[in-house]
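Enquirer: Quick one, protein_14.cif (mmCIF, C-alpha atoms; chains and numbers go by the auth columns):
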data_input
loop_
_atom_site.group_PDB
_atom_site.id
_atom_site.type_symbol
_atom_site.label_atom_id
_atom_site.label_comp_id
_atom_site.label_asym_id
_atom_site.label_seq_id
_atom_site.Cartn_x
_atom_site.Cartn_y
_atom_site.Cartn_z
_atom_site.B_iso_or_equiv
_atom_site.auth_seq_id
_atom_site.auth_asym_id
ATOM 1 C CA MET A 1 -6.561 -11.647 -13.270 0.00 157 G
ATOM 2 C CA LEU A 2 -9.026 -13.754 -11.310 0.00 158 G
ATOM 3 C CA LEU A 3 -11.774 -11.501 -9.904 0.00 159 G
ATOM 4 C CA SER A 4 -14.430 -12.173 -7.268 0.00 160 G
ATOM 5 C CA LEU A 5 -16.638 -9.562 -9.004 0.00 161 G
ATOM 6 C CA ASP A 6 -16.428 -8.506 -12.614 0.00 162 G
ATOM 7 C CA ARG A 7 -15.529 -4.895 -13.373 0.00 163 G
ATOM 8 C CA ASN A 8 -19.108 -3.668 -13.785 0.00 164 G
ATOM 9 C CA ASP A 9 -20.329 -5.327 -10.600 0.00 165 G
ATOM 10 C CA LEU A 10 -17.268 -4.102 -8.704 0.00 166 G
ATOM 11 C CA SER A 11 -17.871 -0.530 -9.902 0.00 167 G
ATOM 12 C CA ALA A 12 -21.495 -0.702 -8.776 0.00 168 G
ATOM 13 C CA TYR A 13 -20.503 -2.267 -5.455 0.00 169 G
ATOM 14 C CA LEU A 14 -17.975 0.490 -4.782 0.00 170 G
ATOM 15 C CA GLY A 15 -20.423 3.195 -5.818 0.00 171 G
ATOM 16 C CA ASN A 16 -22.992 1.813 -3.376 0.00 172 G
ATOM 17 C CA GLN A 17 -20.412 1.797 -0.569 0.00 173 G
ATOM 18 C CA VAL A 18 -19.395 5.399 -1.200 0.00 174 G
ATOM 19 C CA SER A 19 -22.988 6.613 -1.432 0.00 175 G
ATOM 20 C CA THR A 20 -23.960 4.761 1.759 0.00 176 G
ATOM 21 C CA PHE A 21 -21.171 6.244 3.865 0.00 177 G
ATOM 22 C CA PHE A 22 -21.241 9.682 2.188 0.00 178 G
ATOM 23 C CA PRO A 23 -24.852 10.324 1.129 0.00 179 G
ATOM 24 C CA ASP A 24 -24.362 13.977 0.107 0.00 180 G
ATOM 25 C CA ARG A 25 -24.042 12.790 -3.486 0.00 181 G
ATOM 26 C CA LYS A 26 -24.825 9.463 -5.097 0.00 182 G
ATOM 27 C CA TYR A 27 -22.188 7.682 -7.162 0.00 183 G
ATOM 28 C CA GLY A 28 -22.895 4.796 -9.497 0.00 184 G
ATOM 29 C CA ALA A 29 -21.020 2.352 -11.676 0.00 185 G
ATOM 30 C CA GLU A 30 -20.798 4.896 -14.495 0.00 186 G
ATOM 31 C CA ASP A 31 -18.767 7.244 -12.266 0.00 187 G
ATOM 32 C CA LEU A 32 -16.284 4.530 -11.328 0.00 188 G
ATOM 33 C CA ARG A 33 -16.022 2.246 -14.334 0.00 189 G
ATOM 34 C CA GLY A 34 -12.990 3.988 -15.861 0.00 190 G
ATOM 35 C CA PRO A 35 -10.966 4.438 -12.651 0.00 191 G
ATOM 36 C CA VAL A 36 -11.806 0.892 -11.529 0.00 192 G
ATOM 37 C CA ALA A 37 -10.599 -0.592 -14.827 0.00 193 G
ATOM 38 C CA GLU A 38 -7.253 1.215 -14.550 0.00 194 G
ATOM 39 C CA ALA A 39 -6.966 0.413 -10.844 0.00 195 G
ATOM 40 C CA LEU A 40 -7.476 -3.284 -11.589 0.00 196 G
ATOM 41 C CA ALA A 41 -4.716 -3.180 -14.221 0.00 197 G
ATOM 42 C CA ARG A 42 -2.347 -1.633 -11.672 0.00 198 G
ATOM 43 C CA LEU A 43 -3.522 -4.130 -9.061 0.00 199 G
ATOM 44 C CA GLU A 44 -2.875 -7.043 -11.400 0.00 200 G
ATOM 45 C CA TYR A 45 0.709 -5.939 -11.998 0.00 201 G
ATOM 46 C CA CYS A 46 1.236 -5.460 -8.256 0.00 202 G
ATOM 47 C CA PHE A 47 -0.288 -8.762 -7.182 0.00 203 G
ATOM 48 C CA SER A 48 1.445 -10.729 -9.938 0.00 204 G
ATOM 49 C CA HIS A 49 4.690 -10.048 -8.059 0.00 205 G
ATOM 50 C CA ILE A 50 3.319 -11.161 -4.675 0.00 206 G
ATOM 51 C CA ARG A 51 3.724 -14.912 -4.892 0.00 207 G
ATOM 52 C CA LEU A 52 1.720 -15.597 -1.725 0.00 208 G
ATOM 53 C CA LYS A 53 -1.512 -17.466 -1.088 0.00 209 G
ATOM 54 C CA TYR A 54 -4.638 -15.517 -2.062 0.00 210 G
ATOM 55 C CA PHE A 55 -2.641 -13.016 -4.161 0.00 211 G
ATOM 56 C CA PHE A 56 -1.219 -15.276 -6.872 0.00 212 G
ATOM 57 C CA GLU A 57 -2.548 -18.737 -7.691 0.00 213 G
ATOM 58 C CA ASP A 58 -2.434 -21.045 -10.726 0.00 214 G
ATOM 59 C CA GLY A 59 -0.188 -18.601 -12.554 0.00 215 G
ATOM 60 C CA LYS A 60 -2.560 -15.658 -12.186 0.00 216 G
ATOM 61 C CA ALA A 61 -2.979 -12.671 -9.878 0.00 217 G
ATOM 62 C CA CYS A 62 -6.127 -12.847 -7.742 0.00 218 G
ATOM 63 C CA PHE A 63 -8.363 -10.106 -6.368 0.00 219 G
ATOM 64 C CA ASN A 64 -11.118 -10.850 -3.866 0.00 220 G
ATOM 65 C CA HIS A 65 -13.128 -7.805 -2.822 0.00 221 G
ATOM 66 C CA LEU A 66 -13.770 -9.501 0.547 0.00 222 G
ATOM 67 C CA ASN A 67 -10.056 -9.848 1.291 0.00 223 G
ATOM 68 C CA THR A 68 -9.577 -6.649 3.264 0.00 224 G
ATOM 69 C CA ASP A 69 -5.821 -6.385 2.655 0.00 225 G
ATOM 70 C CA GLN A 70 -6.450 -6.580 -1.079 0.00 226 G
ATOM 71 C CA TYR A 71 -9.421 -4.237 -0.939 0.00 227 G
ATOM 72 C CA ALA A 72 -7.378 -1.616 0.912 0.00 228 G
ATOM 73 C CA ALA A 73 -4.861 -1.630 -1.945 0.00 229 G
ATOM 74 C CA PHE A 74 -7.682 -1.484 -4.492 0.00 230 G
ATOM 75 C CA LEU A 75 -9.227 1.586 -2.837 0.00 231 G
ATOM 76 C CA TYR A 76 -5.879 3.362 -2.899 0.00 232 G
ATOM 77 C CA PHE A 77 -5.242 2.505 -6.560 0.00 233 G
ATOM 78 C CA THR A 78 -8.713 3.723 -7.539 0.00 234 G
ATOM 79 C CA ALA A 79 -8.452 7.007 -5.629 0.00 235 G
ATOM 80 C CA ASN A 80 -4.905 7.625 -6.872 0.00 236 G
ATOM 81 C CA THR A 81 -5.954 6.891 -10.455 0.00 237 G
ATOM 82 C CA ILE A 82 -8.674 9.542 -10.206 0.00 238 G
ATOM 83 C CA PHE A 83 -6.132 12.022 -8.847 0.00 239 G
ATOM 84 C CA ARG A 84 -3.556 11.228 -11.546 0.00 240 G
ATOM 85 C CA LYS A 85 -6.132 11.738 -14.284 0.00 241 G
ATOM 86 C CA GLY A 86 -7.303 15.054 -12.884 0.00 242 G
ATOM 87 C CA GLY A 87 -10.695 13.541 -12.157 0.00 243 G
ATOM 88 C CA ASN A 88 -13.348 14.080 -9.507 0.00 244 G
ATOM 89 C CA LEU A 89 -11.409 14.858 -6.316 0.00 245 G
ATOM 90 C CA ASP A 90 -14.620 14.706 -4.286 0.00 246 G
ATOM 91 C CA LEU A 91 -14.855 11.045 -5.241 0.00 247 G
ATOM 92 C CA ALA A 92 -11.131 10.463 -4.633 0.00 248 G
ATOM 93 C CA ALA A 93 -11.453 11.999 -1.164 0.00 249 G
ATOM 94 C CA LYS A 94 -14.371 9.734 -0.350 0.00 250 G
ATOM 95 C CA LEU A 95 -12.459 6.633 -1.458 0.00 251 G
ATOM 96 C CA TYR A 96 -9.558 7.730 0.755 0.00 252 G
ATOM 97 C CA ALA A 97 -11.941 8.212 3.671 0.00 253 G
ATOM 98 C CA LEU A 98 -13.619 4.867 2.939 0.00 254 G
ATOM 99 C CA ASN A 99 -10.245 3.150 3.354 0.00 255 G
ATOM 100 C CA LYS A 100 -9.940 4.753 6.788 0.00 256 G
ATOM 101 C CA LEU A 101 -13.473 3.743 7.730 0.00 257 G
ATOM 102 C CA LEU A 102 -13.215 0.132 6.575 0.00 258 G
ATOM 103 C CA HIS A 103 -9.588 -0.667 7.415 0.00 259 G
ATOM 104 C CA ALA A 104 -8.333 2.060 9.781 0.00 260 G
ATOM 105 C CA PHE A 105 -5.718 2.582 7.076 0.00 261 G
ATOM 106 C CA ASP A 106 -4.517 6.059 6.100 0.00 262 G
ATOM 107 C CA LEU A 107 -3.030 6.381 2.606 0.00 263 G
ATOM 108 C CA PHE A 108 -3.860 9.687 0.933 0.00 264 G
ATOM 109 C CA TYR A 109 -4.666 9.566 -2.764 0.00 265 G
ATOM 110 C CA GLU A 110 -1.867 12.036 -3.615 0.00 266 G
ATOM 111 C CA VAL A 111 0.831 9.789 -2.122 0.00 267 G
ATOM 112 C CA GLU A 112 2.667 7.909 -4.874 0.00 268 G
ATOM 113 C CA MET A 113 3.147 4.296 -3.899 0.00 269 G
ATOM 114 C CA PRO A 114 5.489 2.028 -5.890 0.00 270 G
ATOM 115 C CA LYS A 115 4.195 -0.288 -8.582 0.00 271 G
ATOM 116 C CA VAL A 116 4.616 -3.302 -6.287 0.00 272 G
ATOM 117 C CA PHE A 117 3.754 -3.211 -2.596 0.00 273 G
ATOM 118 C CA TYR A 118 2.202 -5.636 -0.127 0.00 274 G
ATOM 119 C CA LEU A 119 -0.186 -4.770 2.706 0.00 275 G
ATOM 120 C CA GLN A 120 -0.095 -7.362 5.492 0.00 276 G
ATOM 121 C CA HIS A 121 -3.002 -6.553 7.830 0.00 277 G
ATOM 122 C CA PRO A 122 -2.271 -2.781 7.714 0.00 278 G
ATOM 123 C CA VAL A 123 -4.809 -1.793 10.386 0.00 279 G
ATOM 124 C CA GLY A 124 -3.719 1.423 12.088 0.00 280 G
ATOM 125 C CA SER A 125 -0.967 2.198 9.572 0.00 281 G
ATOM 126 C CA ILE A 126 -0.375 5.705 8.221 0.00 282 G
ATOM 127 C CA LEU A 127 1.635 5.936 5.018 0.00 283 G
ATOM 128 C CA GLY A 128 2.408 9.600 4.520 0.00 284 G
ATOM 129 C CA ARG A 129 4.344 11.526 1.914 0.00 285 G
ATOM 130 C CA ALA A 130 7.700 9.943 1.171 0.00 286 G
ATOM 131 C CA GLN A 131 9.712 8.546 -1.706 0.00 287 G
ATOM 132 C CA TYR A 132 8.769 4.877 -1.682 0.00 288 G
ATOM 133 C CA GLY A 133 10.952 2.197 -3.205 0.00 289 G
ATOM 134 C CA ASN A 134 9.556 -0.757 -5.119 0.00 290 G
ATOM 135 C CA PHE A 135 8.728 -4.056 -3.368 0.00 291 G
ATOM 136 C CA PHE A 136 7.546 -2.402 -0.162 0.00 292 G
ATOM 137 C CA CYS A 137 5.836 -4.404 2.591 0.00 293 G
ATOM 138 C CA VAL A 138 4.013 -2.916 5.580 0.00 294 G
ATOM 139 C CA TYR A 139 2.345 -4.457 8.626 0.00 295 G
ATOM 140 C CA HIS A 140 -0.071 -3.001 11.198 0.00 296 G
ATOM 141 C CA GLY A 141 0.461 0.166 13.214 0.00 297 G
ATOM 142 C CA VAL A 142 3.222 1.549 10.987 0.00 298 G
ATOM 143 C CA SER A 143 3.767 5.301 10.557 0.00 299 G
ATOM 144 C CA ILE A 144 5.687 7.056 7.777 0.00 300 G
ATOM 145 C CA GLY A 145 5.936 10.813 7.435 0.00 301 G
ATOM 146 C CA SER A 146 7.857 14.070 7.428 0.00 302 G
ATOM 147 C CA ASN A 147 9.684 15.722 10.306 0.00 303 G
ATOM 148 C CA LEU A 148 8.940 19.219 11.615 0.00 304 G
ATOM 149 C CA ASP A 149 11.032 20.676 8.765 0.00 305 G
ATOM 150 C CA ASP A 150 8.764 18.918 6.254 0.00 306 G
ATOM 151 C CA VAL A 151 11.556 16.574 5.113 0.00 307 G
ATOM 152 C CA ALA A 152 10.291 13.114 4.172 0.00 308 G
ATOM 153 C CA PRO A 153 12.025 9.712 4.065 0.00 309 G
ATOM 154 C CA VAL A 154 13.586 8.231 0.926 0.00 310 G
ATOM 155 C CA MET A 155 13.454 4.432 0.636 0.00 311 G
ATOM 156 C CA GLY A 156 15.349 1.910 -1.447 0.00 312 G
ATOM 157 C CA ASP A 157 13.814 -1.181 -3.026 0.00 313 G
ATOM 158 C CA GLY A 158 12.811 -4.081 -0.805 0.00 314 G
ATOM 159 C CA LEU A 159 11.775 -2.497 2.504 0.00 315 G
ATOM 160 C CA LEU A 160 9.864 -4.473 5.138 0.00 316 G
ATOM 161 C CA MET A 161 8.328 -2.557 8.057 0.00 317 G
ATOM 162 C CA PHE A 162 7.049 -4.722 10.897 0.00 318 G
ATOM 163 C CA GLY A 163 4.195 -3.777 13.204 0.00 319 G
ATOM 164 C CA GLY A 164 4.502 -0.618 15.253 0.00 320 G
ATOM 165 C CA SER A 165 7.606 0.654 13.479 0.00 321 G
ATOM 166 C CA ARG A 166 8.113 4.305 12.509 0.00 322 G
ATOM 167 C CA LEU A 167 9.994 5.970 9.663 0.00 323 G
ATOM 168 C CA ILE A 168 10.207 9.720 10.016 0.00 324 G
ATOM 169 C CA GLY A 169 11.903 12.718 8.506 0.00 325 G
ATOM 170 C CA ASN A 170 15.310 13.055 6.887 0.00 326 G
ATOM 171 C CA SER A 171 15.974 9.329 6.632 0.00 327 G
ATOM 172 C CA THR A 172 17.476 7.538 3.639 0.00 328 G
ATOM 173 C CA LEU A 173 17.272 3.749 3.474 0.00 329 G
ATOM 174 C CA GLY A 174 19.281 1.488 1.187 0.00 330 G
ATOM 175 C CA ASP A 175 17.933 -1.552 -0.628 0.00 331 G
ATOM 176 C CA ASN A 176 16.827 -4.666 1.255 0.00 332 G
ATOM 177 C CA CYS A 177 16.131 -3.219 4.695 0.00 333 G
ATOM 178 C CA ILE A 178 13.985 -4.482 7.552 0.00 334 G
ATOM 179 C CA ILE A 179 12.610 -2.241 10.302 0.00 335 G
ATOM 180 C CA ALA A 180 11.968 -4.374 13.395 0.00 336 G
ATOM 181 C CA PRO A 181 8.708 -4.282 15.396 0.00 337 G
ATOM 182 C CA GLY A 182 8.426 -1.058 17.371 0.00 338 G
ATOM 183 C CA ALA A 183 11.634 0.409 15.974 0.00 339 G
ATOM 184 C CA ILE A 184 11.852 4.137 15.240 0.00 340 G
ATOM 185 C CA VAL A 185 14.000 5.476 12.414 0.00 341 G
ATOM 186 C CA MET A 186 14.052 9.274 12.621 0.00 342 G
ATOM 187 C CA ASP A 187 16.386 11.563 10.685 0.00 343 G
ATOM 188 C CA ARG A 188 18.799 8.674 10.204 0.00 344 G
ATOM 189 C CA ASP A 189 20.478 6.963 7.251 0.00 345 G
ATOM 190 C CA VAL A 190 20.127 3.186 7.128 0.00 346 G
ATOM 191 C CA PRO A 191 22.603 1.066 5.111 0.00 347 G
ATOM 192 C CA GLU A 192 21.413 -1.536 2.625 0.00 348 G
ATOM 193 C CA ASN A 193 21.011 -5.183 3.641 0.00 349 G
ATOM 194 C CA THR A 194 20.335 -4.411 7.302 0.00 350 G
ATOM 195 C CA VAL A 195 17.760 -4.874 10.027 0.00 351 G
ATOM 196 C CA THR A 196 17.161 -1.831 12.242 0.00 352 G
ATOM 197 C CA TYR A 197 15.841 -1.939 15.799 0.00 353 G
ATOM 198 C CA GLY A 198 15.518 0.259 18.873 0.00 354 G
ATOM 199 C CA MET A 199 14.516 3.871 19.414 0.00 355 G
ATOM 200 C CA PRO A 200 16.386 7.186 19.271 0.00 356 G
ATOM 201 C CA PRO A 201 18.990 7.863 20.498 0.00 357 G
ATOM 202 C CA ASN A 202 19.742 4.128 20.582 0.00 358 G
ATOM 203 C CA THR A 203 18.518 3.059 17.142 0.00 359 G
ATOM 204 C CA GLN A 204 20.923 0.524 15.660 0.00 360 G
ATOM 205 C CA SER A 205 21.325 -1.400 12.408 0.00 361 G
ATOM 206 C CA LYS A 206 23.009 -4.756 11.854 0.00 362 G
ATOM 207 C CA PRO A 207 23.510 -6.952 8.780 0.00 363 G
ATOM 208 C CA SER A 208 20.500 -8.975 7.684 0.00 364 G
ATOM 209 C CA ARG A 209 20.586 -12.447 6.177 0.00 365 G
ATOM 210 C CA ARG A 210 17.105 -12.076 4.723 0.00 366 G
ATOM 211 C CA HIS A 211 16.283 -10.826 1.233 0.00 367 G
ATOM 212 C CA VAL A 212 12.959 -8.996 1.230 0.00 368 G
ATOM 213 C CA ILE A 213 12.291 -9.146 -2.509 0.00 369 G
ATOM 214 C CA ARG A 214 13.035 -12.870 -2.809 0.00 370 G
ATOM 215 C CA ASP A 215 11.499 -13.910 0.524 0.00 371 G
ATOM 216 C CA ILE A 216 8.212 -12.007 0.285 0.00 372 G
ATOM 217 C CA PHE A 217 7.752 -11.288 -3.385 0.00 373 G
ATOM 218 C CA ASN A 218 9.593 -14.305 -4.774 0.00 374 G
ATOM 219 C CA TYR A 219 10.886 -12.096 -7.539 0.00 375 G
ATOM 220 C CA HIS A 220 14.262 -12.594 -9.183 0.00 376 G
ATOM 221 C CA GLY A 221 14.229 -9.831 -11.780 0.00 377 G
#
Written as structure tokens, how would this file's structure read?
Expert:
Amino acid sequence: MLLSLDRNDLSAYLGNQVSTFFPDRKYGAEDLRGPVAEALARLEYCFSHIRLKYFFEDGKACFNHLNTDQYAAFLYFTANTIFRKGGNLDLAAKLYALNKLLHAFDLFYEVEMPKVFYLQHPVGSILGRAQYGNFFCVYHGVSIGSNLDDVAPVMGDGLLMFGGSRLIGNSTLGDNCIIAPGAIVMDRDVPENTVTYGMPPNTQSKPSRRHVIRDIFNYHG
């Protein structure tokens, strides 16, 4: 993968960021080197399936720490890696909070994202606990979470959520679905190959001619 900073410099850079914003304890490259290495491996696999400018060029995945969409994904992968490994949850919590501070993006380190997802300017988005399908794309101001009965959505592969859309509660989505800008899907099943628009009680779905995985990820299996 093409990197704007090598692993050691990136670990030191991230440690300096965490210690600057949360000065109760200092973290250095040695605290982050392992999680960063694994996060970059996960990031490489993810970005290698996003055949868009800045993410995949000249046959290689690309990571630029100054590309905020990419950095938001990197922070999640690093925090989630620490959590998966049973590591320092104080550090994982600070990486989660750093994502909120830098990008106004809320993605808790315990949430399990798919192997391939694409953040398109996710400012103001909250990705809560849910069962995420692979090849997931999210824009700004999106909310995903449980209903008052603590039932969370279940998503198929190839879901695109446009800005301001909501996915809440006991909702099951098929493969290749698009949620239109501002639409609210709450406690509702959504068929595959559809675009959904509107708000309850008038939320509606209609057939879609787009294919999320091919159109955004340019992936054919």
Enquirer: Here is a test: counting all atoms listed in the file, which residue of G:Glu266, G:Asp214, G:Asp345, G:Asp371 is nearest to Gly314 in chain G?
Expert: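 That would be G:Asp371, the residue with the smallest distance to Gly314 in chain G.
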Enquirer: Evaluate the PyMOL selection byres ((chain G and resi 182) around 12) here and jot the selected residues down as a list in words.
Expert: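 This file, filtered by the PyMOL selection byres ((chain G and resi 182) around 12), leaves Ala168, Leu170, Gly171, Asn172, Gln173, Val174, Ser175, Thr176, Phe177, Phe178, Pro179, Asp180, Arg181, Tyr183, Gly184, Ala185, Glu186, Asp187, Leu188, Asp246, Leu247 and Lys250 of chain G.
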Enquirer: Would you mind listing what lies within 12 Å of Ile206 in chain G as number ranges by chain, with all atoms listed in the file counted and same-chain residues fewer than 6 positions away left out?
Expert: G: 199-200, 212-213, 215-219, 226, 271-276, 291-293, 368-376
Enquirer: Separation of CA of Tyr353 in chain G and CA of Tyr232 in chain G, in Å?
Expert: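 Between CA of Tyr353 in chain G and CA of Tyr232 in chain G the gap works out to 29.1 Å.
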Enquirer: Written as a ChimeraX atom specification, what is the full residue list that the PyMOL selection byres ((chain G and resi 267) around 12) yields on the file shown?
Expert: /G:232-233,235-237,239-240,252,262-266,268-270,282-288,300-301,308
Enquirer: Please enumerate the residues selected by the PyMOL selection byres ((chain G and resi 346) around 10) when evaluated against the supplied file, formatted as a list of chain:residue names.
Expert: G:Met311, G:Gly312, G:Ser327, G:Thr328, G:Leu329, G:Gly330, G:Asp331, G:Cys333, G:Ile334, G:Ile335, G:Val341, G:Asp343, G:Arg344, G:Asp345, G:Pro347, G:Glu348, G:Asn349, G:Thr350, G:Val351, G:Thr352, G:Gln360, G:Ser361, G:Lys362
Enquirer: Emit as AutoDock Vina command-line options the padded axis-aligned box for all listed atoms of range 186-194 of chain G, 3 Å per side, with centre and edge lengths in Å to one decimal.
Expert:
--center_x -14.0 --center_y 3.3 --center_z -13.6 --size_x 19.5 --size_y 13.8 --size_z 10.5
Enquirer: I'd like the interatomic distance between CA of Ile324 in chain G and CA of Val279 in chain G, to a tenth of an Å.
Expert: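 For CA of Ile324 in chain G relative to CA of Val279 in chain G, the distance reads 18.9 Å.
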Enquirer: Need to verify the contact set: Leu222 in chain G, 10 Å, all atoms listed in the file, exclusion of same-chain residues closer than 5 positions in sequence. Can you return it as an NGL selection string?
Expert: :G and (160-161 or 227)
Enquirer: Rank G:Pro191, G:Leu315, G:Arg198, G:Phe211 by their smallest atom-to-atom distance to Asn290 in chain G, using only C-alpha atoms, and report the top residue only.
Expert: G:Leu315
